[in-house]
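Peer 1: Provided below: upload_31.pdb, containing PDB, C-alpha atoms.
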ATOM      1  CA  MET A  28      17.268  23.163  -9.800
ATOM      2  CA  THR A  29      16.265  21.066  -6.805
ATOM      3  CA  ASP A  30      13.907  18.152  -7.186
ATOM      4  CA  ASP A  31      11.607  18.219  -4.167
ATOM      5  CA  LEU A  32       8.922  16.050  -5.770
ATOM      6  CA  ILE A  33       7.410  13.986  -2.971
ATOM      7  CA  GLY A  34       5.381  11.804  -5.302
ATOM      8  CA  THR A  35       2.063  11.391  -7.046
ATOM      9  CA  GLN A  36      -1.211  10.223  -5.556
ATOM     10  CA  THR A  37      -3.817   8.562  -7.707
ATOM     11  CA  PRO A  38      -7.465   8.440  -6.646
ATOM     12  CA  ALA A  39      -9.083   5.007  -6.477
ATOM     13  CA  GLN A  40     -11.366   6.235  -9.265
ATOM     14  CA  ARG A  41     -11.006   9.525 -11.097
ATOM     15  CA  ILE A  42     -14.290  11.413 -11.159
ATOM     16  CA  THR A  43     -14.709  12.806 -14.668
ATOM     17  CA  ASP A  44     -18.263  14.114 -14.346
ATOM     18  CA  PRO A  45     -18.224  17.649 -12.850
ATOM     19  CA  GLU A  46     -21.582  17.166 -11.101
ATOM     20  CA  GLN A  47     -20.389  13.963  -9.423
ATOM     21  CA  ALA A  48     -17.203  15.716  -8.291
ATOM     22  CA  ILE A  49     -19.246  18.543  -6.730
ATOM     23  CA  GLU A  50     -21.541  15.999  -5.043
ATOM     24  CA  ALA A  51     -18.452  14.307  -3.563
ATOM     25  CA  LEU A  52     -17.216  17.680  -2.285
ATOM     26  CA  GLU A  53     -20.613  18.499  -0.785
ATOM     27  CA  ARG A  54     -20.568  15.136   1.041
ATOM     28  CA  ALA A  55     -17.047  15.812   2.326
ATOM     29  CA  VAL A  56     -17.903  19.386   3.377
ATOM     30  CA  PRO A  57     -21.531  19.132   4.566
ATOM     31  CA  GLY A  58     -21.917  22.871   5.229
ATOM     32  CA  LEU A  59     -20.912  23.783   1.683
ATOM     33  CA  ALA A  60     -24.403  23.164   0.298
ATOM     34  CA  ASP A  61     -25.720  25.890   2.643
ATOM     35  CA  HIS A  62     -23.704  28.427   0.618
ATOM     36  CA  HIS A  63     -25.020  27.347  -2.776
ATOM     37  CA  ARG A  64     -25.849  30.293  -5.065
ATOM     38  CA  PRO A  65     -29.625  30.733  -5.403
ATOM     39  CA  GLU A  66     -29.239  30.147  -9.150
ATOM     40  CA  ARG A  67     -26.382  29.123 -11.380
ATOM     41  CA  ALA A  68     -24.063  32.064 -12.054
ATOM     42  CA  VAL A  69     -23.392  33.091 -15.630
ATOM     43  CA  ILE A  70     -19.651  33.606 -15.792
ATOM     44  CA  ASP A  71     -17.975  34.932 -18.913
ATOM     45  CA  TRP A  72     -15.444  32.125 -19.188
ATOM     46  CA  ALA A  73     -14.112  33.584 -22.446
ATOM     47  CA  VAL A  74     -12.615  36.517 -20.504
ATOM     48  CA  LEU A  75     -10.602  34.154 -18.306
ATOM     49  CA  GLU A  76      -9.808  31.516 -20.882
ATOM     50  CA  ASP A  77      -8.851  33.976 -23.630
ATOM     51  CA  GLY A  78      -6.848  36.000 -21.129
ATOM     52  CA  LEU A  79      -4.976  32.908 -19.925
ATOM     53  CA  GLY A  80      -4.669  31.352 -23.375
ATOM     54  CA  THR A  81      -6.222  28.066 -22.266
ATOM     55  CA  ALA A  82      -9.546  26.489 -21.442
ATOM     56  CA  LEU A  83     -10.163  25.655 -17.771
ATOM     57  CA  PRO A  84     -11.347  22.328 -16.327
ATOM     58  CA  ASP A  85     -15.104  21.753 -16.345
ATOM     59  CA  ASP A  86     -15.262  20.722 -12.670
ATOM     60  CA  PHE A  87     -13.750  24.060 -11.623
ATOM     61  CA  LYS A  88     -16.097  25.982 -13.917
ATOM     62  CA  ARG A  89     -19.145  24.194 -12.504
ATOM     63  CA  LEU A  90     -17.955  24.861  -8.952
ATOM     64  CA  ALA A  91     -17.640  28.591  -9.720
ATOM     65  CA  GLU A  92     -21.092  28.673 -11.310
ATOM     66  CA  ARG A  93     -22.564  27.100  -8.181
ATOM     67  CA  TYR A  94     -20.507  28.793  -5.420
ATOM     68  CA  GLU A  95     -18.770  32.048  -4.651
ATOM     69  CA  ALA A  96     -15.171  31.964  -3.391
ATOM     70  CA  PHE A  97     -14.898  30.105  -0.087
ATOM     71  CA  ALA A  98     -12.439  28.951   2.541
ATOM     72  CA  ILE A  99     -12.340  25.462   3.996
ATOM     73  CA  GLY A 100     -11.278  25.110   7.614
ATOM     74  CA  ASP A 101     -10.006  28.699   7.708
ATOM     75  CA  PHE A 102      -7.024  27.244   5.837
ATOM     76  CA  LEU A 103      -7.650  26.700   2.128
ATOM     77  CA  LEU A 104      -9.027  29.549   0.019
ATOM     78  CA  VAL A 105     -10.683  28.520  -3.227
ATOM     79  CA  GLY A 106     -10.726  31.651  -5.383
ATOM     80  CA  LEU A 107     -13.608  31.560  -7.818
ATOM     81  CA  PRO A 108     -14.659  34.223 -10.338
ATOM     82  CA  ASP A 109     -17.897  36.141  -9.888
ATOM     83  CA  PRO A 110     -20.118  37.285 -12.765
ATOM     84  CA  GLY A 111     -18.987  40.687 -13.970
ATOM     85  CA  MET A 112     -15.700  40.361 -12.054
ATOM     86  CA  GLU A 113     -13.911  38.032 -14.476
ATOM     87  CA  HIS A 114     -11.303  40.680 -15.376
ATOM     88  CA  HIS A 115     -10.539  41.139 -11.678
ATOM     89  CA  ARG A 116     -10.019  37.388 -11.205
ATOM     90  CA  LEU A 117      -7.856  37.265 -14.330
ATOM     91  CA  ARG A 118      -5.631  40.036 -12.907
ATOM     92  CA  GLY A 119      -5.324  38.048  -9.657
ATOM     93  CA  ILE A 120      -4.267  34.895 -11.489
ATOM     94  CA  ARG A 121      -1.782  36.838 -13.598
ATOM     95  CA  GLY A 122      -0.397  38.445 -10.437
ATOM     96  CA  ASP A 123       0.146  34.996  -8.950
ATOM     97  CA  LEU A 124       1.824  33.829 -12.142
ATOM     98  CA  GLU A 125       4.111  36.842 -12.366
ATOM     99  CA  GLY A 126       4.897  37.024  -8.671
ATOM    100  CA  VAL A 127       4.686  34.034  -6.426
ATOM    101  CA  LEU A 128       5.015  31.261  -9.011
ATOM    102  CA  GLN A 129       7.887  32.985 -10.771
ATOM    103  CA  ASP A 130       9.589  33.326  -7.352
ATOM    104  CA  TYR A 131       9.117  29.570  -6.756
ATOM    105  CA  TRP A 132      10.634  28.782 -10.128
ATOM    106  CA  GLU A 133      13.573  31.133  -9.703
ATOM    107  CA  ALA A 134      14.249  29.653  -6.241
ATOM    108  CA  GLY A 135      14.548  26.224  -7.898
ATOM    109  CA  MET A 136      11.486  24.729  -6.206
ATOM    110  CA  SER A 137       9.459  23.904  -9.282
ATOM    111  CA  ILE A 138      10.524  20.347 -10.173
ATOM    112  CA  GLY A 139      11.218  21.646 -13.648
ATOM    113  CA  LEU A 140       7.774  23.134 -14.156
ATOM    114  CA  ARG A 141       7.465  26.778 -15.097
ATOM    115  CA  PRO A 142       4.529  29.106 -14.672
ATOM    116  CA  HIS A 143       1.829  29.071 -17.338
ATOM    117  CA  PRO A 144       1.900  29.849 -20.298
ATOM    118  CA  ALA A 145       5.079  27.766 -20.600
ATOM    119  CA  PRO A 146       4.249  24.316 -22.023
ATOM    120  CA  GLY A 147       2.830  22.257 -19.150
ATOM    121  CA  GLY A 148       3.167  25.317 -16.918
ATOM    122  CA  LEU A 149       1.620  25.752 -13.505
ATOM    123  CA  LEU A 150      -1.676  27.611 -13.183
ATOM    124  CA  PRO A 151      -3.002  28.523  -9.701
ATOM    125  CA  TRP A 152      -6.544  27.751  -8.551
ATOM    126  CA  ALA A 153      -6.332  27.904  -4.722
ATOM    127  CA  GLU A 154      -3.964  28.714  -1.860
ATOM    128  CA  SER A 155      -3.685  28.264   1.875
ATOM    129  CA  ASN A 156      -3.309  30.916   4.524
ATOM    130  CA  GLU A 157       0.103  29.373   5.281
ATOM    131  CA  GLY A 158       1.596  29.812   1.812
ATOM    132  CA  ASP A 159       0.722  26.467   0.202
ATOM    133  CA  LYS A 160      -0.235  26.741  -3.477
ATOM    134  CA  PHE A 161      -2.745  24.532  -5.275
ATOM    135  CA  LEU A 162      -2.130  24.523  -9.008
ATOM    136  CA  TRP A 163      -2.797  22.732 -12.211
ATOM    137  CA  SER A 164       0.064  21.305 -14.235
ATOM    138  CA  THR A 165      -1.301  22.167 -17.660
ATOM    139  CA  THR A 166      -0.182  18.971 -19.384
ATOM    140  CA  GLY A 167      -2.275  16.625 -21.485
ATOM    141  CA  ASP A 168      -4.632  16.994 -24.410
ATOM    142  CA  SER A 169      -7.339  18.795 -22.419
ATOM    143  CA  PRO A 170      -7.822  20.558 -19.074
ATOM    144  CA  GLU A 171      -9.754  17.494 -17.883
ATOM    145  CA  GLN A 172      -6.424  15.613 -17.871
ATOM    146  CA  TRP A 173      -4.433  18.200 -15.920
ATOM    147  CA  LEU A 174      -2.765  17.076 -12.723
ATOM    148  CA  VAL A 175      -3.349  18.956  -9.510
ATOM    149  CA  THR A 176       0.029  20.049  -8.172
ATOM    150  CA  ILE A 177       0.510  21.031  -4.546
ATOM    151  CA  ALA A 178       3.401  23.343  -3.701
ATOM    152  CA  SER A 179       3.857  22.953   0.025
ATOM    153  CA  ARG A 180       5.125  25.862   2.087
ATOM    154  CA  ASN A 181       7.915  23.536   3.257
ATOM    155  CA  GLY A 182       9.285  23.268  -0.285
ATOM    156  CA  GLY A 183       7.945  19.833  -1.207
ATOM    157  CA  TRP A 184       5.852  19.360  -4.332
ATOM    158  CA  TRP A 185       3.441  16.588  -5.177
ATOM    159  CA  HIS A 186       0.862  15.692  -7.760
ATOM    160  CA  TYR A 187      -2.665  14.377  -7.565
ATOM    161  CA  GLU A 188      -4.063  12.570 -10.626
ATOM    162  CA  GLY A 189      -7.618  13.839 -10.278
ATOM    163  CA  GLY A 190      -9.464  17.088 -10.792
ATOM    164  CA  ALA A 191      -9.373  20.050  -8.432
ATOM    165  CA  VAL A 192     -12.862  19.427  -7.028
ATOM    166  CA  GLN A 193     -12.134  15.745  -6.426
ATOM    167  CA  PHE A 194      -8.865  16.752  -4.740
ATOM    168  CA  LEU A 195     -10.795  19.051  -2.372
ATOM    169  CA  ALA A 196     -13.284  16.283  -1.578
ATOM    170  CA  GLU A 197     -10.597  13.704  -0.872
ATOM    171  CA  TYR A 198      -8.488  16.137   1.154
ATOM    172  CA  CYS A 199     -11.501  17.065   3.295
ATOM    173  CA  ASN A 200     -12.794  13.527   3.796
ATOM    174  CA  GLY A 201      -9.340  12.177   4.650
ATOM    175  CA  THR A 202      -9.110   9.802   1.678
ATOM    176  CA  LEU A 203      -5.807  11.153   0.442
ATOM    177  CA  ASP A 204      -2.576  11.454   2.383
ATOM    178  CA  PRO A 205      -2.037  15.204   2.881
ATOM    179  CA  TRP A 206       1.779  14.929   2.533
ATOM    180  CA  GLY A 207       2.851  17.992   4.478
ATOM    181  CA  LEU A 208      -0.529  19.697   4.598
ATOM    182  CA  PRO A 209      -2.285  19.865   7.954
ATOM    183  CA  PRO A 210      -5.465  17.896   8.590
ATOM    184  CA  ILE A 211      -8.344  20.096   7.501
ATOM    185  CA  ASP A 212     -11.575  20.892   9.294
ATOM    186  CA  PRO A 213     -14.270  20.486   6.626
ATOM    187  CA  GLU A 214     -16.052  23.651   7.662
ATOM    188  CA  VAL A 215     -16.715  26.264   5.011
ATOM    189  CA  THR A 216     -16.666  30.038   5.198
ATOM    190  CA  PRO A 217     -17.764  32.197   2.279
ATOM    191  CA  CYS A 218     -15.284  34.898   1.257
TER     192      CYS A 218
END
For this file, write the structure as structure tokens.
Peer 2:
Amino acid sequence: MTDDLIGTQTPAQRITDPEQAIEALERAVPGLADHHRPERAVIDWAVLEDGLGTALPDDFKRLAERYEAFAIGDFLLVGLPDPGMEHHRLRGIRGDLEGVLQDYWEAGMSIGLRPHPAPGGLLPWAESNEGDKFLWSTTGDSPEQWLVTIASRNGGWWHYEGGAVQFLAEYCNGTLDPWGLPPIDPEVTPC
């Protein structure tokens, strides 16, 4: 198995409060707030979490309750569940796990990490239109401790020691080094 781990980036301060993480993302992507749901969505998280066999991070859940799926810069698609469509989203995640992520692992590009539900396995939460995958490495005592793992289309992998929403904010505002990802235009398009 090849070891294409580029490295790990650590935010200056990890944002642990989901609301603060979303505020940081809204500052980094000013047009995002224009696509705010009129009221907080009621998503049946049990369908997804029971179906995946794990809880999901609170920042991601809050983002989904506030926004529908969206693309940033016509590059990065953040797939979020919609109320009543949780089973559909679960099938999409399972398809990614059984298809694309398994292909990555079998090709030896997984730095030793396997797809979820393997211990510490990778769980997808976003993707780019160029084949980059944005995942969680499901390690730690709780989903709030999971690393964000970026699987670059060029074969390099790297970790980010913050939550998914904080990663999006820091990628869009230029705080983090994109390590193989293109600069991103912080313009949002609903999907």
Peer 1: Starting from the displayed file, determine the output of the PyMOL selection byres ((chain A and resi 62) around 10) and express the residue list as a PyMOL selection string.
Peer 2: chain A and resi 58-61+63-65+93-95+97+215-217
Peer 1: With C-alpha atoms kept, could you save the residues just selected as an mmCIF file, keeping the file's coordinate frame?
Peer 2:
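Generated output (selection.cif):
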data_model
loop_
_atom_site.group_PDB
_atom_site.id
_atom_site.type_symbol
_atom_site.label_atom_id
_atom_site.label_comp_id
_atom_site.auth_asym_id
_atom_site.auth_seq_id
_atom_site.Cartn_x
_atom_site.Cartn_y
_atom_site.Cartn_z
ATOM 1 C CA GLY A 58 -21.917 22.871 5.229
ATOM 2 C CA LEU A 59 -20.912 23.783 1.683
ATOM 3 C CA ALA A 60 -24.403 23.164 0.298
ATOM 4 C CA ASP A 61 -25.720 25.890 2.643
ATOM 5 C CA HIS A 63 -25.020 27.347 -2.776
ATOM 6 C CA ARG A 64 -25.849 30.293 -5.065
ATOM 7 C CA PRO A 65 -29.625 30.733 -5.403
ATOM 8 C CA ARG A 93 -22.564 27.100 -8.181
ATOM 9 C CA TYR A 94 -20.507 28.793 -5.420
ATOM 10 C CA GLU A 95 -18.770 32.048 -4.651
ATOM 11 C CA PHE A 97 -14.898 30.105 -0.087
ATOM 12 C CA VAL A 215 -16.715 26.264 5.011
ATOM 13 C CA THR A 216 -16.666 30.038 5.198
ATOM 14 C CA PRO A 217 -17.764 32.197 2.279
#
Peer 1: Selection in question (the file shown): the PyMOL selection byres ((chain A and resi 199) around 7). Which residues does it include, as a ChimeraX atom specification?
Peer 2: /A:55-56,195-198,200-201,211,213
Peer 1: At what distance in Å, to one decimal, does atom CA of Glu113 of chain A lie from atom CA of Val69 of chain A?
Peer 2: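 Spanning atom CA of Val69 of chain A to atom CA of Glu113 of chain A is a straight-line distance of 10.8 Å.
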Peer 1: Up to 10 Å from (-12.3, 36.2, -14.6) in the file's coordinates: name the residues, counting all atoms listed in the file, as a list in words.
Peer 2: Ile70, Asp71, Trp72, Ala73, Val74, Leu75, Glu76, Asp77, Gly78, Leu79, Leu107, Pro108, Asp109, Pro110, Gly111, Met112, Glu113, His114, His115, Arg116, Leu117, Arg118, Gly119 and Ile120 of chain A
Peer 1: Those same residues, written as a tab-separated table (two decimals), in the coordinates of the input with C-alpha atoms?
Peer 2:
chain	number	residue	atom	x	y	z
A	70	ILE	CA	-19.65	33.61	-15.79
A	71	ASP	CA	-17.98	34.93	-18.91
A	72	TRP	CA	-15.44	32.12	-19.19
A	73	ALA	CA	-14.11	33.58	-22.45
A	74	VAL	CA	-12.62	36.52	-20.50
A	75	LEU	CA	-10.60	34.15	-18.31
A	76	GLU	CA	-9.81	31.52	-20.88
A	77	ASP	CA	-8.85	33.98	-23.63
A	78	GLY	CA	-6.85	36.00	-21.13
A	79	LEU	CA	-4.98	32.91	-19.92
A	107	LEU	CA	-13.61	31.56	-7.82
A	108	PRO	CA	-14.66	34.22	-10.34
A	109	ASP	CA	-17.90	36.14	-9.89
A	110	PRO	CA	-20.12	37.28	-12.76
A	111	GLY	CA	-18.99	40.69	-13.97
A	112	MET	CA	-15.70	40.36	-12.05
A	113	GLU	CA	-13.91	38.03	-14.48
A	114	HIS	CA	-11.30	40.68	-15.38
A	115	HIS	CA	-10.54	41.14	-11.68
A	116	ARG	CA	-10.02	37.39	-11.20
A	117	LEU	CA	-7.86	37.26	-14.33
A	118	ARG	CA	-5.63	40.04	-12.91
A	119	GLY	CA	-5.32	38.05	-9.66
A	120	ILE	CA	-4.27	34.90	-11.49
Peer 1: Check which residues satisfy the PyMOL selection byres ((chain A and resi 30-39) around 6) in the file shown, then give them as a list in words.
Peer 2: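 When the PyMOL selection byres ((chain A and resi 30-39) around 6) is applied, the selected residues are Thr29, Gln40, Arg41, Ile138, Gly183, Trp184, Trp185, His186, Tyr187 and Glu188 of chain A.
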Peer 1: Keeping only C-alpha atoms, take the residues you just selected and write them out as a PDB file, in the coordinates of the input.
Peer 2:
ATOM      1  CA  THR A  29      16.265  21.066  -6.805  1.00  0.00           C
ATOM      2  CA  GLN A  40     -11.366   6.235  -9.265  1.00  0.00           C
ATOM      3  CA  ARG A  41     -11.006   9.525 -11.097  1.00  0.00           C
ATOM      4  CA  ILE A 138      10.524  20.347 -10.173  1.00  0.00           C
ATOM      5  CA  GLY A 183       7.945  19.833  -1.207  1.00  0.00           C
ATOM      6  CA  TRP A 184       5.852  19.360  -4.332  1.00  0.00           C
ATOM      7  CA  TRP A 185       3.441  16.588  -5.177  1.00  0.00           C
ATOM      8  CA  HIS A 186       0.862  15.692  -7.760  1.00  0.00           C
ATOM      9  CA  TYR A 187      -2.665  14.377  -7.565  1.00  0.00           C
ATOM     10  CA  GLU A 188      -4.063  12.570 -10.626  1.00  0.00           C
TER      11      GLU A 188
END
Peer 1: Find the distance between atom CA of Pro45 of chain A and atom CA of Ala91 of chain A and write it in Å to one decimal.
Peer 2: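 Calculated distance between atom CA of Pro45 of chain A and atom CA of Ala91 of chain A is 11.4 Å.
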Peer 1: Segment 33-113 of chain A near segment 139-154 of chain A within 6 Å: what's each residue's closest atom pair and its distance in Å to one decimal, counting only C-alpha atoms, ordered by chain then ascending residue number, as a Markdown table?
Peer 2:
| residue | atom | partner | partner_atom | distance |
| --- | --- | --- | --- | --- |
| A:Leu103 | CA | A:Glu154 | CA | 5.8 |
| A:Leu104 | CA | A:Glu154 | CA | 5.5 |
| A:Val105 | CA | A:Ala153 | CA | 4.6 |
| A:Gly106 | CA | A:Ala153 | CA | 5.8 |
Peer 1: So how far away is atom CA of Asn156 of chain A from atom CA of Phe102 of chain A, in Å?
Peer 2: 5.4 Å
Peer 1: Since the input is missing atoms, can you rebuild N, CA and C atoms for segment 138-168 of chain A and write them as a tab-separated table (two decimals), in the frame of the given file?
Peer 2:
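Here's the written file part39.tsv:
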chain	number	residue	atom	x	y	z
A	138	ILE	N	10.35	21.66	-9.55
A	138	ILE	CA	10.52	20.35	-10.17
A	138	ILE	C	10.53	20.43	-11.69
A	139	GLY	N	11.12	21.50	-12.21
A	139	GLY	CA	11.22	21.65	-13.65
A	139	GLY	C	10.01	22.27	-14.31
A	140	LEU	N	8.95	22.52	-13.57
A	140	LEU	CA	7.77	23.13	-14.16
A	140	LEU	C	7.85	24.64	-14.03
A	141	ARG	N	7.45	25.32	-15.09
A	141	ARG	CA	7.46	26.78	-15.10
A	141	ARG	C	6.03	27.28	-14.99
A	142	PRO	N	5.88	28.54	-14.69
A	142	PRO	CA	4.53	29.11	-14.67
A	142	PRO	C	3.89	29.08	-16.06
A	143	HIS	N	2.59	28.95	-16.11
A	143	HIS	CA	1.83	29.07	-17.34
A	143	HIS	C	2.09	30.46	-17.90
A	144	PRO	N	2.29	30.67	-19.16
A	144	PRO	CA	1.90	29.85	-20.30
A	144	PRO	C	2.99	28.94	-20.86
A	145	ALA	N	4.08	28.73	-20.13
A	145	ALA	CA	5.08	27.77	-20.60
A	145	ALA	C	4.39	26.42	-20.82
A	146	PRO	N	4.86	25.62	-21.78
A	146	PRO	CA	4.25	24.32	-22.02
A	146	PRO	C	4.20	23.49	-20.73
A	147	GLY	N	3.01	23.03	-20.38
A	147	GLY	CA	2.83	22.26	-19.15
A	147	GLY	C	2.94	23.09	-17.89
A	148	GLY	N	2.94	24.41	-18.05
A	148	GLY	CA	3.17	25.32	-16.92
A	148	GLY	C	2.11	25.24	-15.83
A	149	LEU	N	2.49	25.76	-14.68
A	149	LEU	CA	1.62	25.75	-13.50
A	149	LEU	C	0.63	26.90	-13.55
A	150	LEU	N	-0.61	26.62	-13.20
A	150	LEU	CA	-1.68	27.61	-13.18
A	150	LEU	C	-2.40	27.51	-11.84
A	151	PRO	N	-2.42	28.59	-11.04
A	151	PRO	CA	-3.00	28.52	-9.70
A	151	PRO	C	-4.53	28.49	-9.70
A	152	TRP	N	-5.09	27.75	-8.73
A	152	TRP	CA	-6.54	27.75	-8.55
A	152	TRP	C	-6.94	27.90	-7.08
A	153	ALA	N	-6.02	27.72	-6.14
A	153	ALA	CA	-6.33	27.90	-4.72
A	153	ALA	C	-5.02	28.10	-3.97
A	154	GLU	N	-5.14	28.53	-2.71
A	154	GLU	CA	-3.96	28.71	-1.86
A	154	GLU	C	-4.38	28.57	-0.40
A	155	SER	N	-3.39	28.35	0.45
A	155	SER	CA	-3.68	28.26	1.88
A	155	SER	C	-3.26	29.55	2.55
A	156	ASN	N	-3.71	29.73	3.77
A	156	ASN	CA	-3.31	30.92	4.52
A	156	ASN	C	-1.90	30.76	5.10
A	157	GLU	N	-1.26	29.62	4.81
A	157	GLU	CA	0.10	29.37	5.28
A	157	GLU	C	1.12	29.34	4.14
A	158	GLY	N	0.67	29.72	2.94
A	158	GLY	CA	1.60	29.81	1.81
A	158	GLY	C	1.63	28.61	0.90
A	159	ASP	N	0.80	27.60	1.12
A	159	ASP	CA	0.72	26.47	0.20
A	159	ASP	C	-0.01	26.91	-1.06
A	160	LYS	N	0.40	26.41	-2.20
A	160	LYS	CA	-0.24	26.74	-3.48
A	160	LYS	C	-0.84	25.47	-4.08
A	161	PHE	N	-2.03	25.62	-4.62
A	161	PHE	CA	-2.74	24.53	-5.28
A	161	PHE	C	-2.89	24.95	-6.73
A	162	LEU	N	-2.31	24.13	-7.62
A	162	LEU	CA	-2.13	24.52	-9.01
A	162	LEU	C	-2.55	23.40	-9.93
A	163	TRP	N	-2.69	23.74	-11.18
A	163	TRP	CA	-2.80	22.73	-12.21
A	163	TRP	C	-1.48	22.68	-12.94
A	164	SER	N	-1.02	21.48	-13.27
A	164	SER	CA	0.06	21.30	-14.24
A	164	SER	C	-0.64	21.13	-15.57
A	165	THR	N	-0.50	22.10	-16.44
A	165	THR	CA	-1.30	22.17	-17.66
A	165	THR	C	-0.75	21.25	-18.75
A	166	THR	N	-0.67	19.97	-18.43
A	166	THR	CA	-0.18	18.97	-19.38
A	166	THR	C	-1.35	18.10	-19.83
A	167	GLY	N	-1.22	17.49	-20.97
A	167	GLY	CA	-2.28	16.62	-21.48
A	167	GLY	C	-3.01	17.28	-22.63
A	168	ASP	N	-3.90	16.51	-23.24
A	168	ASP	CA	-4.63	16.99	-24.41
A	168	ASP	C	-5.77	17.95	-24.06
